[in-house]
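Novice: Mind having a look at this structure? Questions to follow.
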Amino acid sequence: MDKTLLQQQVLDRLAGDLAQTEQAARVAHETATHEENIAENKYDTLGLEAAYLATGQARRAEAIREAMATWRQFRPRPYDASKGIQLGALVCLVDSEGKHQQLFLGPSGGSMQLACGDEIVQVISCESPLGRAMLGRCEGDEVSIQVGANRQVFEVVEVY
């Protein structure tokens with residue numbers, strides 16, 4: 001699998017999310033400032049609620065822009081077995097039931113699933129519990145995380 005292609009898919013998805021969020025912020029701002037939504041009494045809060053929504057959407061748009069900048073600067077490196085799994089690794093894990101999953105360890109802000117041919121690749125960050133647990137591990141190592149009352153155990157099958 002081409003890590004650069006995965007990176008571009010993340011950037012494309014983030015760009016789509018940004019466009020959608022910016023549009024939602026514009027609509028909320030227009031609603032908040034529309035003359036028909038001027039409060040007539042203390043219970044008339046549509047304009048105020050729309051203003052809060054517009055502010056939240058603007059913050060979300062800024063977070064997406066920051067994630068995009070981080071992902072643009074990100075340069076996935078080939079796997080180095082002497083360092084183990086690091087940022088940029090493409091990892092195949094298998095759970096105790098034999099179910100395989102592909103994970104791409106990227107910078108924050110890109111948590112999503114991508115289609116790569118017939119396979120689904122889950123993009124996670126190093127800050128996620130599974131991402132932290134994988135750092136420094138090598139092929140054949142066991143990775144475990146606590147999810148609520150359950151402990152999930154995986155084996156690292158391949159790293160690219």
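Each chain in the structure tokens gets a letter, A, B, ..., in the order shown, and its residues are numbered from 1; ligands are numbered from 1 in order too.
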For region 69-86 of chain A, list every protein, DNA or RNA residue within 6 Å, evaluated using only C-alpha atoms, and leave out those in the same chain fewer than 6 positions away; present the list as a list in words.
Specialist: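 Using only C-alpha atoms, the neighbours found are Leu135, Gly136, Arg137, Cys138 and Tyr160 of chain A.
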Novice: Could you write those residues out with N, CA and C atoms, as a PDB file, in the first residue's frame?
Specialist:
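Result written to selection_25.pdb:
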ATOM      1  N   LEU A 135       3.391   2.012  19.556  1.00  0.00           N
ATOM      2  CA  LEU A 135       4.690   2.671  19.383  1.00  0.00           C
ATOM      3  C   LEU A 135       5.830   1.804  19.915  1.00  0.00           C
ATOM      4  N   GLY A 136       6.845   1.622  19.078  1.00  0.00           N
ATOM      5  CA  GLY A 136       8.027   0.854  19.457  1.00  0.00           C
ATOM      6  C   GLY A 136       7.898  -0.640  19.289  1.00  0.00           C
ATOM      7  N   ARG A 137       6.685  -1.138  18.997  1.00  0.00           N
ATOM      8  CA  ARG A 137       6.493  -2.590  18.820  1.00  0.00           C
ATOM      9  C   ARG A 137       6.986  -3.016  17.441  1.00  0.00           C
ATOM     10  N   CYS A 138       7.210  -4.308  17.301  1.00  0.00           N
ATOM     11  CA  CYS A 138       7.699  -4.876  16.041  1.00  0.00           C
ATOM     12  C   CYS A 138       6.799  -6.024  15.614  1.00  0.00           C
ATOM     13  N   TYR A 160       4.705  -1.805   7.592  1.00  0.00           N
ATOM     14  CA  TYR A 160       5.305  -1.235   6.358  1.00  0.00           C
ATOM     15  C   TYR A 160       5.763   0.173   6.641  1.00  0.00           C
TER      16      TYR A 160
END
Novice: Given the choices A:Thr55, A:Gln102, A:Gln152, A:Ser111, which gets closest to Ala89 (chain A) if the distance is worked out from only C-alpha atoms?
Specialist: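 Of A:Thr55, A:Gln102, A:Gln152, A:Ser111, the one nearest Ala89 (chain A), counting only C-alpha atoms, is A:Gln102.
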Novice: Show me a table, sorted first by chain and then by increasing residue number, of the residues of region 46-122 of chain A having an atom at most 7 Å from region 9-30 of chain A, each with its shortest atom pair and the distance in Å to one decimal, counting only C-alpha atoms and written as CSV.
Specialist:
residue,atom,partner,partner_atom,distance
A:Ala50,CA,A:Ala28,CA,5.2
A:Ala51,CA,A:His29,CA,6.2
A:Leu53,CA,A:Ala28,CA,6.2
A:Ala54,CA,A:Ala25,CA,4.7
A:Gln57,CA,A:Ala25,CA,5.0
A:Ala58,CA,A:Ala25,CA,5.9
A:Ala61,CA,A:Leu18,CA,5.7
A:Ile64,CA,A:Leu18,CA,6.1
A:Met68,CA,A:Leu11,CA,6.2
A:Trp71,CA,A:Leu11,CA,6.9
A:Gly110,CA,A:Val10,CA,6.4
Novice: Hey, which of A:His100, A:Asp2, A:Asp44, A:Ala133 ends up closest to Gln146 (chain A)? Count only C-alpha atoms.
Specialist: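 Nearest candidate to Gln146 (chain A) out of A:His100, A:Asp2, A:Asp44, A:Ala133: A:Ala133.
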Novice: Please determine, counting only C-alpha atoms, which residue among A:Gln7, A:Ser144, A:Gln101, A:Gln113 has the shortest atom-to-atom distance to Gly88 (chain A).
Specialist: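 The closest residue to Gly88 (chain A) is A:Gln7.
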Novice: If we count only C-alpha atoms, what is near region 114-126 of chain A at a cut-off of 7 Å, once residues fewer than 6 positions away on the same chain are taken out, given as a list in words?
Specialist: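 Near neighbours after the sequence-gap exclusion: Leu87, Gln102, Leu103, Phe104, Leu105, Gly106, Pro107, Ser108 and Arg132 of chain A.
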Novice: Restricting it to C-alpha atoms, dump the selection as an mmCIF file, in the first residue's frame.
Specialist:
data_model
loop_
_atom_site.group_PDB
_atom_site.id
_atom_site.type_symbol
_atom_site.label_atom_id
_atom_site.label_comp_id
_atom_site.auth_asym_id
_atom_site.auth_seq_id
_atom_site.Cartn_x
_atom_site.Cartn_y
_atom_site.Cartn_z
ATOM 1 C CA LEU A 87 4.519 7.692 13.234
ATOM 2 C CA GLN A 102 -4.990 -2.330 8.688
ATOM 3 C CA LEU A 103 -3.973 0.769 10.642
ATOM 4 C CA PHE A 104 -2.124 3.839 9.396
ATOM 5 C CA LEU A 105 -0.461 5.686 12.257
ATOM 6 C CA GLY A 106 -0.612 9.361 11.348
ATOM 7 C CA PRO A 107 -0.611 12.781 12.958
ATOM 8 C CA SER A 108 -3.607 13.926 14.948
ATOM 9 C CA ARG A 132 0.302 4.708 21.964
#
Novice: So what do you get for CA of Asn37 (chain A) versus CA of Arg60 (chain A), distance-wise?
Specialist: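 Spanning CA of Asn37 (chain A) to CA of Arg60 (chain A) is a straight-line distance of 24.0 Å.
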Novice: Between CA of Ile145 (chain A) and CA of Leu6 (chain A), measure the distance and give it in Å to one decimal.
Specialist: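 Separating CA of Ile145 (chain A) from CA of Leu6 (chain A) is a distance of 25.2 Å.
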Novice: Expressed in Å to a single decimal, how great is the separation between CA of Ala67 (chain A) and CA of Leu130 (chain A)?
Specialist: 19.8 Å
Novice: As an NGL selection string, which residues of chain A does DSSP assign to helix (DSSP H, G or I)?
Specialist: :A and (3-33 or 35-37 or 46-73 or 129-134)
Novice: Find the residues of region 90-140 of chain A that sit at most 9 Å from region 153-157 of chain A; for each, write down the nearest two atoms and how far apart they are in Å, to one decimal. Count only C-alpha atoms. Sort by chain, then by number going up, and give it as a tab-separated table.
Specialist:
residue	atom	partner	partner_atom	distance
A:Val91	CA	A:Val156	CA	7.1
A:Cys92	CA	A:Val157	CA	5.5
A:Leu93	CA	A:Val156	CA	4.7
A:Val94	CA	A:Glu155	CA	5.3
A:Asp95	CA	A:Phe154	CA	4.5
A:Ser96	CA	A:Phe154	CA	6.6
A:His100	CA	A:Val157	CA	8.8
A:Met134	CA	A:Val156	CA	8.5
A:Arg137	CA	A:Val156	CA	7.9
A:Cys138	CA	A:Val156	CA	6.8
A:Glu139	CA	A:Val156	CA	5.0
A:Gly140	CA	A:Val156	CA	5.2
Novice: Emit the selected residues as a PDB file, in the first residue's frame, including N, CA and C atoms.
Specialist:
ATOM      1  N   VAL A  91       0.286  -0.653   9.673  1.00  0.00           N
ATOM      2  CA  VAL A  91       0.381  -1.841  10.518  1.00  0.00           C
ATOM      3  C   VAL A  91      -0.807  -2.759  10.267  1.00  0.00           C
ATOM      4  N   CYS A  92      -0.524  -4.061  10.167  1.00  0.00           N
ATOM      5  CA  CYS A  92      -1.581  -5.064  10.090  1.00  0.00           C
ATOM      6  C   CYS A  92      -1.616  -5.776  11.441  1.00  0.00           C
ATOM      7  N   LEU A  93      -2.774  -5.696  12.106  1.00  0.00           N
ATOM      8  CA  LEU A  93      -2.976  -6.364  13.387  1.00  0.00           C
ATOM      9  C   LEU A  93      -3.979  -7.492  13.213  1.00  0.00           C
ATOM     10  N   VAL A  94      -3.879  -8.499  14.069  1.00  0.00           N
ATOM     11  CA  VAL A  94      -4.873  -9.563  14.114  1.00  0.00           C
ATOM     12  C   VAL A  94      -5.304  -9.703  15.571  1.00  0.00           C
ATOM     13  N   ASP A  95      -6.608  -9.836  15.782  1.00  0.00           N
ATOM     14  CA  ASP A  95      -7.103  -9.979  17.153  1.00  0.00           C
ATOM     15  C   ASP A  95      -7.199 -11.452  17.541  1.00  0.00           C
ATOM     16  N   SER A  96      -7.682 -11.723  18.727  1.00  0.00           N
ATOM     17  CA  SER A  96      -7.729 -13.097  19.241  1.00  0.00           C
ATOM     18  C   SER A  96      -8.699 -13.982  18.463  1.00  0.00           C
ATOM     19  N   HIS A 100      -8.317  -9.527  10.942  1.00  0.00           N
ATOM     20  CA  HIS A 100      -7.225  -8.622  10.573  1.00  0.00           C
ATOM     21  C   HIS A 100      -7.749  -7.203  10.413  1.00  0.00           C
ATOM     22  N   MET A 134       1.011   0.781  20.301  1.00  0.00           N
ATOM     23  CA  MET A 134       1.788   0.202  19.201  1.00  0.00           C
ATOM     24  C   MET A 134       3.186   0.791  19.077  1.00  0.00           C
ATOM     25  N   ARG A 137       6.685  -1.138  18.997  1.00  0.00           N
ATOM     26  CA  ARG A 137       6.493  -2.590  18.820  1.00  0.00           C
ATOM     27  C   ARG A 137       6.986  -3.016  17.441  1.00  0.00           C
ATOM     28  N   CYS A 138       7.210  -4.308  17.301  1.00  0.00           N
ATOM     29  CA  CYS A 138       7.699  -4.876  16.041  1.00  0.00           C
ATOM     30  C   CYS A 138       6.799  -6.024  15.614  1.00  0.00           C
ATOM     31  N   GLU A 139       7.034  -6.511  14.401  1.00  0.00           N
ATOM     32  CA  GLU A 139       6.276  -7.662  13.902  1.00  0.00           C
ATOM     33  C   GLU A 139       6.414  -8.818  14.886  1.00  0.00           C
ATOM     34  N   GLY A 140       5.282  -9.461  15.178  1.00  0.00           N
ATOM     35  CA  GLY A 140       5.256 -10.579  16.102  1.00  0.00           C
ATOM     36  C   GLY A 140       4.968 -10.177  17.541  1.00  0.00           C
TER      37      GLY A 140
END
